[in-house]
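Structure file coords.tsv; described as TSV, C-alpha atoms (C1' of nucleotides).
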```tsv
chain	number	residue	atom	x	y	z
A	1	MET	CA	51.56	44.48	99.98
A	2	SER	CA	47.96	44.90	98.84
A	3	GLY	CA	47.82	45.60	95.11
A	4	PRO	CA	46.12	48.60	93.52
A	5	GLU	CA	42.66	47.25	94.27
A	6	ALA	CA	42.01	45.43	91.01
A	7	PRO	CA	38.60	46.32	89.59
A	8	ARG	CA	36.04	43.57	89.35
A	9	ILE	CA	35.87	41.86	85.96
A	10	SER	CA	32.46	40.42	85.16
A	11	ASP	CA	31.86	36.96	83.77
A	12	ALA	CA	31.25	38.07	80.20
A	13	GLU	CA	34.13	40.52	80.34
A	14	SER	CA	36.54	37.83	81.43
A	15	GLN	CA	35.77	35.90	78.27
A	16	VAL	CA	36.88	38.88	76.23
A	17	MET	CA	40.04	39.13	78.31
A	18	ALA	CA	40.71	35.44	77.68
A	19	VAL	CA	40.96	36.08	73.94
A	20	VAL	CA	43.20	39.10	74.48
A	21	TRP	CA	45.44	37.14	76.84
A	22	ASP	CA	45.64	34.29	74.34
A	23	GLY	CA	46.74	36.74	71.66
A	24	ALA	CA	49.37	38.18	73.96
A	25	ASP	CA	50.66	34.72	74.83
A	26	ALA	CA	50.89	33.95	71.14
A	27	GLY	CA	53.26	36.89	70.71
A	28	ARG	CA	50.75	39.14	68.96
A	29	GLY	CA	50.60	41.55	71.88
A	30	GLY	CA	46.84	41.22	72.22
A	31	ALA	CA	43.83	40.75	69.96
A	32	GLY	CA	41.80	42.74	67.46
A	33	ALA	CA	38.05	43.18	67.46
A	34	GLU	CA	37.65	40.66	64.68
A	35	GLU	CA	39.48	38.02	66.68
A	36	ILE	CA	37.43	38.68	69.80
A	37	LEU	CA	34.20	38.55	67.81
A	38	GLY	CA	35.09	35.31	66.08
A	39	SER	CA	36.12	33.66	69.32
A	40	ALA	CA	34.27	34.80	72.44
A	41	GLY	CA	31.52	36.53	70.45
A	42	ALA	CA	30.68	33.51	68.32
A	43	ALA	CA	30.94	31.12	71.26
A	44	ASN	CA	28.31	33.10	73.18
A	45	GLY	CA	26.19	34.27	70.31
A	46	TRP	CA	26.89	37.89	71.13
A	47	SER	CA	26.17	40.62	68.64
A	48	GLU	CA	29.09	42.76	67.55
A	49	THR	CA	27.82	45.74	69.53
A	50	THR	CA	27.67	43.64	72.67
A	51	VAL	CA	31.32	42.74	72.28
A	52	ARG	CA	32.13	46.42	71.70
A	53	THR	CA	30.42	47.31	74.97
A	54	LEU	CA	32.42	44.73	76.88
A	55	ILE	CA	35.63	46.06	75.37
A	56	HIS	CA	34.57	49.60	76.24
A	57	ARG	CA	33.92	48.73	79.87
A	58	LEU	CA	37.16	46.82	80.20
A	59	MET	CA	38.98	49.89	78.92
A	60	ARG	CA	37.11	52.13	81.36
A	61	LYS	CA	38.07	49.77	84.16
A	62	GLY	CA	41.68	50.13	83.13
A	63	VAL	CA	42.36	46.46	82.45
A	64	LEU	CA	42.40	46.82	78.66
A	65	ALA	CA	44.07	49.34	76.34
A	66	SER	CA	43.59	50.03	72.64
A	67	GLU	CA	46.49	50.72	70.32
A	68	ARG	CA	45.62	52.18	66.96
A	69	ARG	CA	47.51	50.08	64.43
A	70	GLY	CA	46.65	51.09	60.86
A	71	GLY	CA	42.91	51.69	60.93
A	72	MET	CA	42.17	48.78	63.13
A	73	ALA	CA	42.68	48.67	66.90
A	74	LEU	CA	44.77	46.18	68.79
A	75	TYR	CA	43.52	45.59	72.30
A	76	THR	CA	46.24	44.83	74.81
A	77	PRO	CA	45.89	43.62	78.41
A	78	LYS	CA	46.88	45.93	81.26
A	79	VAL	CA	46.74	43.21	83.91
A	80	SER	CA	48.38	39.83	83.76
A	81	ARG	CA	46.25	36.76	83.35
A	82	ASP	CA	48.14	34.99	86.09
A	83	ALA	CA	47.47	37.76	88.57
A	84	TRP	CA	43.78	37.79	87.73
A	85	VAL	CA	43.42	34.00	87.86
A	86	THR	CA	45.21	33.92	91.20
A	87	ALA	CA	43.04	36.63	92.70
A	88	GLU	CA	39.87	35.03	91.39
A	89	SER	CA	40.89	31.61	92.73
A	90	GLN	CA	41.85	32.99	96.10
A	91	GLY	CA	38.53	34.81	96.36
A	92	PHE	CA	36.63	31.68	95.46
A	93	LEU	CA	38.54	29.51	97.94
A	94	ASP	CA	38.06	32.12	100.66
A	95	ARG	CA	34.33	32.41	100.09
A	96	LEU	CA	33.55	28.71	99.95
A	97	PHE	CA	36.38	26.80	101.61
A	98	GLY	CA	37.96	29.04	104.20
A	99	GLY	CA	40.83	29.73	101.84
A	100	GLN	CA	42.01	26.15	101.83
A	101	LEU	CA	42.49	24.34	98.56
A	102	SER	CA	42.59	21.01	100.37
A	103	THR	CA	39.03	21.53	101.59
A	104	LEU	CA	37.83	21.98	98.03
A	105	VAL	CA	39.65	18.84	96.97
A	106	ALA	CA	38.15	16.92	99.87
A	107	HIS	CA	34.69	18.07	98.86
A	108	LEU	CA	35.09	17.10	95.23
A	109	ALA	CA	36.56	13.75	96.23
A	110	ARG	CA	33.57	13.03	98.44
A	111	GLN	CA	31.21	13.99	95.62
A	112	ARG	CA	33.11	11.77	93.19
A	113	THR	CA	33.12	14.53	90.61
A	114	MET	CA	36.70	14.23	89.40
A	115	SER	CA	37.65	12.26	86.33
A	116	PRO	CA	40.32	9.55	86.76
A	117	GLU	CA	42.61	11.52	84.46
A	118	ASP	CA	42.19	14.56	86.65
A	119	VAL	CA	43.05	12.52	89.72
A	120	ALA	CA	46.14	11.12	88.02
A	121	ARG	CA	47.37	14.59	87.11
A	122	LEU	CA	46.67	15.69	90.65
A	123	ARG	CA	48.77	12.89	92.09
A	124	ARG	CA	51.68	13.78	89.82
A	125	LEU	CA	51.44	17.45	90.82
A	126	VAL	CA	51.49	16.68	94.51
A	127	ALA	CA	54.50	14.41	94.03
A	128	ASP	CA	56.30	17.28	92.28
A	129	LEU	CA	55.37	19.63	95.09
A	130	ASP	CA	56.85	17.24	97.63
A	131	ALA	CA	60.06	16.86	95.65
A	132	GLU	CA	60.38	20.62	95.42
A	133	ALA	CA	59.81	21.04	99.12
A	134	ALA	CA	62.37	18.32	99.83
A	135	GLU	CA	65.23	19.99	97.95
A	136	GLU	CA	64.38	23.22	99.76
A	137	ASP	CA	65.19	25.64	96.94
B	1	MET	CA	20.37	14.12	84.39
B	2	SER	CA	20.34	17.90	84.39
B	3	GLY	CA	18.99	19.15	87.70
B	4	PRO	CA	16.01	21.45	88.14
B	5	GLU	CA	18.02	24.45	86.97
B	6	ALA	CA	19.11	25.79	90.33
B	7	PRO	CA	18.56	29.55	90.60
B	8	ARG	CA	21.56	31.76	90.99
B	9	ILE	CA	22.43	32.65	94.59
B	10	SER	CA	24.26	35.94	94.94
B	11	ASP	CA	27.32	36.49	97.07
B	12	ALA	CA	25.52	38.20	99.93
B	13	GLU	CA	22.69	35.72	99.78
B	14	SER	CA	25.05	32.78	100.08
B	15	GLN	CA	26.30	34.16	103.39
B	16	VAL	CA	22.77	34.02	104.71
B	17	MET	CA	22.44	30.46	103.44
B	18	ALA	CA	25.66	29.55	105.20
B	19	VAL	CA	24.14	30.42	108.58
B	20	VAL	CA	20.97	28.50	107.77
B	21	TRP	CA	22.97	25.48	106.64
B	22	ASP	CA	25.06	25.62	109.80
B	23	GLY	CA	21.90	25.62	111.88
B	24	ALA	CA	20.58	22.64	109.96
B	25	ASP	CA	23.85	20.76	110.41
B	26	ALA	CA	23.66	21.47	114.14
B	27	GLY	CA	20.32	19.70	114.28
B	28	ARG	CA	18.25	22.84	114.67
B	29	GLY	CA	16.66	22.45	111.26
B	30	GLY	CA	17.73	25.90	110.15
B	31	ALA	CA	18.21	29.34	111.66
B	32	GLY	CA	16.10	32.19	112.96
B	33	ALA	CA	16.39	35.84	111.96
B	34	GLU	CA	18.22	36.69	115.15
B	35	GLU	CA	20.86	34.06	114.45
B	36	ILE	CA	21.35	35.24	110.86
B	37	LEU	CA	21.60	38.84	112.00
B	38	GLY	CA	24.13	38.09	114.71
B	39	SER	CA	26.28	36.02	112.40
B	40	ALA	CA	26.25	37.08	108.75
B	41	GLY	CA	24.67	40.44	109.49
B	42	ALA	CA	27.20	41.47	112.10
B	43	ALA	CA	30.12	40.14	110.08
B	44	ASN	CA	29.17	42.34	107.13
B	45	GLY	CA	27.77	45.30	108.99
B	46	TRP	CA	24.38	44.83	107.38
B	47	SER	CA	21.32	46.55	108.79
B	48	GLU	CA	18.48	44.31	109.93
B	49	THR	CA	16.33	45.31	106.97
B	50	THR	CA	19.09	44.35	104.57
B	51	VAL	CA	19.16	40.86	106.02
B	52	ARG	CA	15.37	40.70	105.71
B	53	THR	CA	15.64	41.52	102.03
B	54	LEU	CA	18.18	38.78	101.44
B	55	ILE	CA	15.95	36.29	103.23
B	56	HIS	CA	12.98	37.46	101.18
B	57	ARG	CA	14.81	36.99	97.88
B	58	LEU	CA	16.10	33.58	98.87
B	59	MET	CA	12.52	32.57	99.62
B	60	ARG	CA	11.32	33.92	96.29
B	61	LYS	CA	14.07	31.95	94.56
B	62	GLY	CA	12.80	28.84	96.27
B	63	VAL	CA	16.00	27.96	98.10
B	64	LEU	CA	14.77	29.00	101.54
B	65	ALA	CA	11.50	28.37	103.40
B	66	SER	CA	10.06	29.95	106.53
B	67	GLU	CA	8.30	27.93	109.20
B	68	ARG	CA	6.25	29.90	111.68
B	69	ARG	CA	7.19	28.56	115.10
B	70	GLY	CA	5.50	30.56	117.86
B	71	GLY	CA	5.79	34.17	116.73
B	72	MET	CA	9.28	33.80	115.43
B	73	ALA	CA	10.18	32.26	112.07
B	74	LEU	CA	12.60	29.42	111.49
B	75	TYR	CA	14.22	29.57	108.08
B	76	THR	CA	15.02	26.18	106.59
B	77	PRO	CA	17.09	25.35	103.50
B	78	LYS	CA	15.37	23.91	100.43
B	79	VAL	CA	18.60	22.98	98.68
B	80	SER	CA	21.50	21.07	100.16
B	81	ARG	CA	24.72	22.85	100.88
B	82	ASP	CA	26.70	20.05	99.27
B	83	ALA	CA	24.77	20.34	96.04
B	84	TRP	CA	25.26	24.09	95.94
B	85	VAL	CA	28.96	23.93	96.78
B	86	THR	CA	29.50	21.30	94.14
B	87	ALA	CA	27.66	23.27	91.46
B	88	GLU	CA	29.49	26.46	92.38
B	89	SER	CA	32.86	24.72	92.32
B	90	GLN	CA	32.17	23.03	89.02
B	91	GLY	CA	31.14	26.34	87.49
B	92	PHE	CA	34.27	28.02	88.76
B	93	LEU	CA	36.53	25.26	87.49
B	94	ASP	CA	34.79	25.27	84.13
B	95	ARG	CA	35.09	29.02	83.70
B	96	LEU	CA	38.73	29.35	84.68
B	97	PHE	CA	40.39	25.97	84.31
B	98	GLY	CA	38.55	24.02	81.65
B	99	GLY	CA	36.80	22.03	84.33
B	100	GLN	CA	39.99	20.46	85.60
B	101	LEU	CA	40.87	20.69	89.24
B	102	SER	CA	44.44	19.68	88.50
B	103	THR	CA	44.91	22.80	86.38
B	104	LEU	CA	43.88	24.97	89.32
B	105	VAL	CA	46.29	23.13	91.58
B	106	ALA	CA	49.09	23.55	89.05
B	107	HIS	CA	48.41	27.27	88.87
B	108	LEU	CA	48.39	27.76	92.62
B	109	ALA	CA	51.55	25.67	92.95
B	110	ARG	CA	53.32	27.84	90.39
B	111	GLN	CA	52.19	30.98	92.21
B	112	ARG	CA	53.38	29.58	95.55
B	113	THR	CA	50.14	30.61	97.17
B	114	MET	CA	49.46	27.48	99.24
B	115	SER	CA	50.44	27.18	102.86
B	116	PRO	CA	52.62	24.20	103.81
B	117	GLU	CA	49.78	22.85	105.95
B	118	ASP	CA	47.47	23.01	102.98
B	119	VAL	CA	49.96	21.14	100.87
B	120	ALA	CA	50.32	18.47	103.52
B	121	ARG	CA	46.59	17.98	103.72
B	122	LEU	CA	46.47	17.82	99.95
B	123	ARG	CA	49.09	15.08	99.85
B	124	ARG	CA	47.18	13.00	102.37
B	125	LEU	CA	43.94	13.41	100.41
B	126	VAL	CA	45.53	12.30	97.17
B	127	ALA	CA	47.02	9.28	98.91
B	128	ASP	CA	43.57	8.36	100.18
B	129	LEU	CA	42.12	8.79	96.71
B	130	ASP	CA	44.72	6.42	95.31
B	131	ALA	CA	44.04	3.84	97.97
B	132	GLU	CA	40.34	4.02	97.23
B	133	ALA	CA	40.92	3.63	93.52
B	134	ALA	CA	43.21	0.66	94.16
B	135	GLU	CA	40.66	-1.37	96.05
B	136	GLU	CA	38.18	-0.65	93.26
B	137	ASP	CA	35.06	-0.42	95.38
C	1	DT	C1'	38.70	67.22	48.97
C	2	DT	C1'	34.28	65.48	49.34
C	3	DT	C1'	31.87	61.27	49.92
C	4	DC	C1'	31.28	56.57	51.41
C	5	DA	C1'	32.10	52.47	53.91
C	6	DT	C1'	34.27	50.50	57.81
C	7	DT	C1'	35.65	50.46	62.39
C	8	DT	C1'	35.41	52.36	66.80
C	9	DG	C1'	33.16	54.40	70.73
C	10	DC	C1'	28.98	56.08	73.40
C	11	DT	C1'	24.19	55.68	75.10
C	12	DA	C1'	20.17	53.04	76.41
C	13	DC	C1'	17.22	49.66	78.62
C	14	DG	C1'	15.73	45.88	81.39
C	15	DC	C1'	17.27	42.83	85.14
C	16	DT	C1'	19.95	41.57	89.23
C	17	DT	C1'	22.36	42.99	93.46
C	18	DG	C1'	23.57	45.60	97.56
C	19	DT	C1'	21.58	48.55	100.65
C	20	DA	C1'	17.75	50.15	103.43
C	21	DA	C1'	13.10	52.35	104.72
C	22	DC	C1'	8.22	51.40	105.21
C	23	DA	C1'	4.05	48.51	105.73
C	24	DA	C1'	1.61	44.41	107.54
C	25	DT	C1'	1.01	40.82	110.75
C	26	DG	C1'	0.94	38.47	114.88
C	27	DA	C1'	1.80	38.20	120.12
C	28	DT	C1'	1.12	40.47	124.70
C	29	DC	C1'	-0.97	42.78	128.40
C	30	DG	C1'	-3.97	45.94	130.74
D	1	DC	C1'	-11.00	43.22	123.30
D	2	DG	C1'	-8.32	46.87	121.87
D	3	DA	C1'	-3.57	49.30	122.08
D	4	DT	C1'	1.19	48.43	121.82
D	5	DC	C1'	5.29	46.35	120.66
D	6	DA	C1'	8.05	42.91	118.38
D	7	DT	C1'	8.70	40.37	114.21
D	8	DT	C1'	8.06	39.55	109.54
D	9	DG	C1'	7.36	40.70	104.81
D	10	DT	C1'	7.19	44.28	100.79
D	11	DT	C1'	8.72	48.07	98.24
D	12	DA	C1'	12.37	51.40	96.77
D	13	DC	C1'	16.52	53.07	94.84
D	14	DA	C1'	21.21	53.42	93.13
D	15	DA	C1'	24.95	50.90	90.94
D	16	DG	C1'	26.46	47.17	87.96
D	17	DC	C1'	25.77	43.70	84.25
D	18	DG	C1'	24.04	41.60	79.99
D	19	DT	C1'	22.24	42.90	75.82
D	20	DA	C1'	22.07	45.82	71.81
D	21	DG	C1'	21.17	50.16	68.90
D	22	DC	C1'	23.01	54.59	67.35
D	23	DA	C1'	26.65	58.16	66.70
D	24	DA	C1'	31.43	59.59	65.90
D	25	DA	C1'	35.86	58.98	63.81
D	26	DT	C1'	38.97	57.14	60.50
D	27	DG	C1'	40.71	55.20	56.29
D	28	DA	C1'	39.54	54.40	51.17
D	29	DA	C1'	37.67	55.86	46.78
D	30	DA	C1'	36.33	59.13	43.30
```

Is it possible to give me this structure as structure tokens?
Amino acid sequence: MSGPEAPRISDAESQVMAVVWDGADAGRGGAGAEEILGSAGAANGWSETTVRTLIHRLMRKGVLASERRGGMALYTPKVSRDAWVTAESQGFLDRLFGGQLSTLVAHLARQRTMSPEDVARLRRLVADLDAEAAEED
Amino acid sequence: MSGPEAPRISDAESQVMAVVWDGADAGRGGAGAEEILGSAGAANGWSETTVRTLIHRLMRKGVLASERRGGMALYTPKVSRDAWVTAESQGFLDRLFGGQLSTLVAHLARQRTMSPEDVARLRRLVADLDAEAAEED
DNA sequence: TTTCATTTGCTACGCTTGTAACAATGATCG
DNA sequence: CGATCATTGTTACAAGCGTAGCAAATGAAA
């Protein structure tokens, strides 16, 4: 059941992956260097070489691949965003809240750190969850 | 409004803090080296000197203090666990879910990664939140 | 085809982290 | 009061990360 031991993706690296995943979701298969630079690079004030290093390491870690497409390279994800987000969330919940989402929610509720909109969305989600559970699909 | 720029606490270090916080919650003001070793140390298979290093760094970062109490030292927390947990949670939500708890919940719901008990607790919490909001305290 | 500019990939350097050995300090007992 | 032992605090070192400069490869131009 345990996956192939996903390599750790650092904080900065994950921002590069975010751009690549966005490109893939948009049907472009991934993202080019220019796109990554203009998005994650500009947002963090990274130099171009810094972005290149992050890309290089992600490729060495096996979570990113480069396809040569007419001079320029298209970087494509080798791991799904959903899988990564799930693993990262599970790890976080395990470390801080004994793996229970409800404990996190209880904490944030006590600290009054949720916006009313967020709470409203949360209520709707839980209602949907209940409905789903009720019709036992 | 911005706090005093809390220093970053590493993963291993936070496990030491957890023991100290537990000791404080239990009315003992903190925890001694022996307690930290037997709890976090044993759980991770750390050598005694490794634990000493973590304690040392936490003290240098200003989040832990040592009180000499008859030969042995009692380590006491300088930052509240609630404040740290909140900051850590907010950072996590910001990085992965645009700061919105509901987006995390939606993701976990879609991945079917919550236990039924967790979902039940969640439903009760949201109901309480609504009640609180209704009486507009 | 040789040269030049662009784009990619590799190497480096300082700092943090995980891990642990060594030094200093304080209590204890003859 | 000095030797010994427990306890604490400091230093070290390898691996990883954030940051960036330099080299190699690849397409375009002459």

Counting all atoms listed in the file, what are the residues of chain C within 9 Å of stretch 7-23 of chain D, and for each of them which pair of atoms is the nearest and at what distance in Å, to one decimal? Sort the table by chain and rising number, as CSV.
```
residue,atom,partner,partner_atom,distance
C:DG9,C1',D:DA23,C1',8.5
C:DC10,C1',D:DA23,C1',7.4
C:DT11,C1',D:DC22,C1',7.9
C:DA12,C1',D:DG21,C1',8.1
C:DC13,C1',D:DT19,C1',8.9
C:DC15,C1',D:DC17,C1',8.6
C:DT16,C1',D:DC17,C1',8.0
C:DT17,C1',D:DG16,C1',8.0
C:DG18,C1',D:DA15,C1',8.6
C:DT19,C1',D:DC13,C1',8.9
C:DA20,C1',D:DA12,C1',8.7
C:DA21,C1',D:DA12,C1',8.0
C:DC22,C1',D:DT11,C1',7.7
C:DA23,C1',D:DT10,C1',7.2
C:DA24,C1',D:DG9,C1',7.4
C:DT25,C1',D:DT8,C1',7.3
C:DG26,C1',D:DT7,C1',8.0
```

- Query: Separation of atom CA of B:Ala106 and atom CA of A:Gly30, in Å?
  - Reply: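 Separating atom CA of B:Ala106 from atom CA of A:Gly30 is a distance of 24.5 Å.
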
Transformed chain A, reference chain B, full Cα set in order, as a compact mmCIF listing (two decimals) with C-alpha atoms, in the frame of the given file:
```
# COMPACT_ATOMS: atom_id res chain seq x y z
CA MET A 1 20.28 14.13 84.44
CA SER A 2 20.30 17.93 84.54
CA GLY A 3 18.78 19.17 87.79
CA PRO A 4 15.86 21.60 88.05
CA GLU A 5 17.98 24.53 86.91
CA ALA A 6 19.07 25.82 90.31
CA PRO A 7 18.54 29.57 90.59
CA ARG A 8 21.59 31.75 90.97
CA ILE A 9 22.45 32.63 94.57
CA SER A 10 24.28 35.93 94.92
CA ASP A 11 27.37 36.46 97.03
CA ALA A 12 25.58 38.16 99.91
CA GLU A 13 22.73 35.67 99.77
CA SER A 14 25.10 32.75 100.06
CA GLN A 15 26.34 34.11 103.36
CA VAL A 16 22.81 33.98 104.70
CA MET A 17 22.46 30.43 103.43
CA ALA A 18 25.70 29.51 105.19
CA VAL A 19 24.16 30.38 108.56
CA VAL A 20 20.98 28.46 107.74
CA TRP A 21 22.98 25.44 106.61
CA ASP A 22 25.07 25.59 109.78
CA GLY A 23 21.90 25.57 111.85
CA ALA A 24 20.57 22.61 109.92
CA ASP A 25 23.82 20.72 110.37
CA ALA A 26 23.64 21.42 114.08
CA GLY A 27 20.29 19.63 114.22
CA ARG A 28 18.21 22.78 114.64
CA GLY A 29 16.63 22.42 111.22
CA GLY A 30 17.74 25.87 110.11
CA ALA A 31 18.23 29.30 111.65
CA GLY A 32 16.12 32.17 112.95
CA ALA A 33 16.42 35.80 111.96
CA GLU A 34 18.24 36.64 115.15
CA GLU A 35 20.88 34.02 114.45
CA ILE A 36 21.38 35.20 110.88
CA LEU A 37 21.64 38.81 112.01
CA GLY A 38 24.15 38.04 114.73
CA SER A 39 26.29 35.97 112.41
CA ALA A 40 26.30 37.01 108.75
CA GLY A 41 24.70 40.40 109.49
CA ALA A 42 27.23 41.41 112.11
CA ALA A 43 30.16 40.07 110.10
CA ASN A 44 29.22 42.29 107.14
CA GLY A 45 27.83 45.24 109.00
CA TRP A 46 24.44 44.79 107.40
CA SER A 47 21.39 46.49 108.79
CA GLU A 48 18.54 44.27 109.90
CA THR A 49 16.41 45.30 106.93
CA THR A 50 19.18 44.32 104.55
CA VAL A 51 19.25 40.84 106.01
CA ARG A 52 15.45 40.67 105.72
CA THR A 53 15.70 41.52 102.03
CA LEU A 54 18.23 38.77 101.43
CA ILE A 55 16.00 36.28 103.22
CA HIS A 56 13.03 37.49 101.18
CA ARG A 57 14.84 37.00 97.89
CA LEU A 58 16.12 33.59 98.86
CA MET A 59 12.55 32.58 99.63
CA ARG A 60 11.34 33.97 96.30
CA LYS A 61 14.07 31.99 94.57
CA GLY A 62 12.80 28.88 96.27
CA VAL A 63 16.01 27.97 98.08
CA LEU A 64 14.76 29.02 101.52
CA ALA A 65 11.50 28.37 103.38
CA SER A 66 10.06 29.93 106.52
CA GLU A 67 8.30 27.88 109.17
CA ARG A 68 6.28 29.81 111.69
CA ARG A 69 7.33 28.45 115.07
CA GLY A 70 5.69 30.38 117.92
CA GLY A 71 5.84 34.00 116.82
CA MET A 72 9.28 33.74 115.40
CA ALA A 73 10.17 32.21 112.04
CA LEU A 74 12.60 29.39 111.45
CA TYR A 75 14.22 29.55 108.05
CA THR A 76 15.02 26.17 106.56
CA PRO A 77 17.09 25.37 103.46
CA LYS A 78 15.37 23.92 100.39
CA VAL A 79 18.62 22.99 98.64
CA SER A 80 21.49 21.06 100.10
CA ARG A 81 24.73 22.83 100.84
CA ASP A 82 26.70 20.06 99.21
CA ALA A 83 24.77 20.35 95.98
CA TRP A 84 25.25 24.11 95.89
CA VAL A 85 28.96 23.95 96.74
CA THR A 86 29.48 21.32 94.06
CA ALA A 87 27.66 23.30 91.41
CA GLU A 88 29.48 26.49 92.33
CA SER A 89 32.86 24.73 92.27
CA GLN A 90 32.16 23.06 88.97
CA GLY A 91 31.12 26.38 87.45
CA PHE A 92 34.25 28.05 88.71
CA LEU A 93 36.54 25.29 87.45
CA ASP A 94 34.79 25.31 84.08
CA ARG A 95 35.08 29.06 83.66
CA LEU A 96 38.72 29.39 84.63
CA PHE A 97 40.40 26.01 84.27
CA GLY A 98 38.57 24.06 81.61
CA GLY A 99 36.82 22.06 84.29
CA GLN A 100 40.00 20.50 85.56
CA LEU A 101 40.86 20.72 89.22
CA SER A 102 44.45 19.72 88.48
CA THR A 103 44.91 22.84 86.37
CA LEU A 104 43.87 25.02 89.28
CA VAL A 105 46.27 23.19 91.57
CA ALA A 106 49.07 23.59 89.05
CA HIS A 107 48.39 27.31 88.86
CA LEU A 108 48.38 27.81 92.61
CA ALA A 109 51.53 25.72 92.95
CA ARG A 110 53.31 27.88 90.39
CA GLN A 111 52.18 31.02 92.20
CA ARG A 112 53.36 29.61 95.52
CA THR A 113 50.12 30.64 97.17
CA MET A 114 49.44 27.53 99.21
CA SER A 115 50.41 27.22 102.84
CA PRO A 116 52.59 24.23 103.81
CA GLU A 117 49.73 22.92 105.95
CA ASP A 118 47.43 23.09 102.96
CA VAL A 119 49.94 21.17 100.87
CA ALA A 120 50.29 18.52 103.56
CA ARG A 121 46.53 18.02 103.74
CA LEU A 122 46.45 17.85 99.97
CA ARG A 123 49.06 15.11 99.89
CA ARG A 124 47.12 13.07 102.44
CA LEU A 125 43.91 13.47 100.44
CA VAL A 126 45.50 12.32 97.22
CA ALA A 127 46.98 9.30 99.00
CA ASP A 128 43.49 8.41 100.26
CA LEU A 129 42.09 8.81 96.77
CA ASP A 130 44.69 6.41 95.41
CA ALA A 131 43.97 3.85 98.11
CA GLU A 132 40.27 4.07 97.36
CA ALA A 133 40.85 3.64 93.66
CA ALA A 134 43.13 0.68 94.35
CA GLU A 135 40.55 -1.33 96.30
CA GLU A 136 38.06 -0.62 93.52
CA ASP A 137 34.94 -0.33 95.67
```

- Residue hits in chain A, query chain D, radius 12 Å, all atoms listed in the file, as a PyMOL selection string: chain A and resi 8-13+44-54+57+68-73

- Task: Provide the atom CA of B:Gly91 to atom CA of B:Asp25 distance in Å, to one decimal place.
- Result: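 These two atoms are separated by 24.7 Å.
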
- Write out as a PyMOL selection string which residues come within 12 Å of A:Ala109 when counting all atoms listed in the file, dropping same-chain ones fewer than 3 positions away. (chain A and resi 102-106+112-116+118-119+122) or (chain B and resi 86+101+122+125-130+132-133)

Which residues come within 6 Å of B:Leu74, counting all atoms listed in the file, excluding same-chain residues fewer than 2 positions away, as a compact mmCIF listing (two decimals) with C-alpha atoms, in the coordinates of the input?
```
# COMPACT_ATOMS: atom_id res chain seq x y z
CA ALA B 31 18.21 29.34 111.66
CA GLY B 32 16.10 32.19 112.96
CA SER B 66 10.06 29.95 106.53
CA GLU B 67 8.30 27.93 109.20
```

- Message: Can you tell me which residues surround A:Met17 at a distance of at most 9 Å, considering all atoms listed in the file, apart from same-chain residues fewer than 3 positions away, and format the answer as number ranges by chain?
- Response: A: 13-14, 20-22, 36, 55, 58, 63-64, 77, 81

- Of the candidates A:Tyr75, A:Ala42, A:Ala24, A:Ala18, which one gets nearest to chain C if we count only C-alpha atoms (C1' of nucleotides)? A:Tyr75

- With all atoms listed in the file as the basis for distance, which of C:DA27, C:DT6, C:DG14, C:DT1 is at the shortest distance from chain B?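 Of C:DA27, C:DT6, C:DG14, C:DT1, the one nearest chain B is C:DA27, counting all atoms listed in the file.
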
- Message: One number please: atom CA of A:Ala65 to atom CA of A:Ser80, in Å, one decimal.
- Response: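 Those two atoms sit 12.8 Å apart.
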
- Query: For B:Arg95, which residue out of A:Gln15, A:Ala40, A:Arg28, A:Met59 is the nearest one, using all atoms listed in the file?
  - Reply: A:Gln15
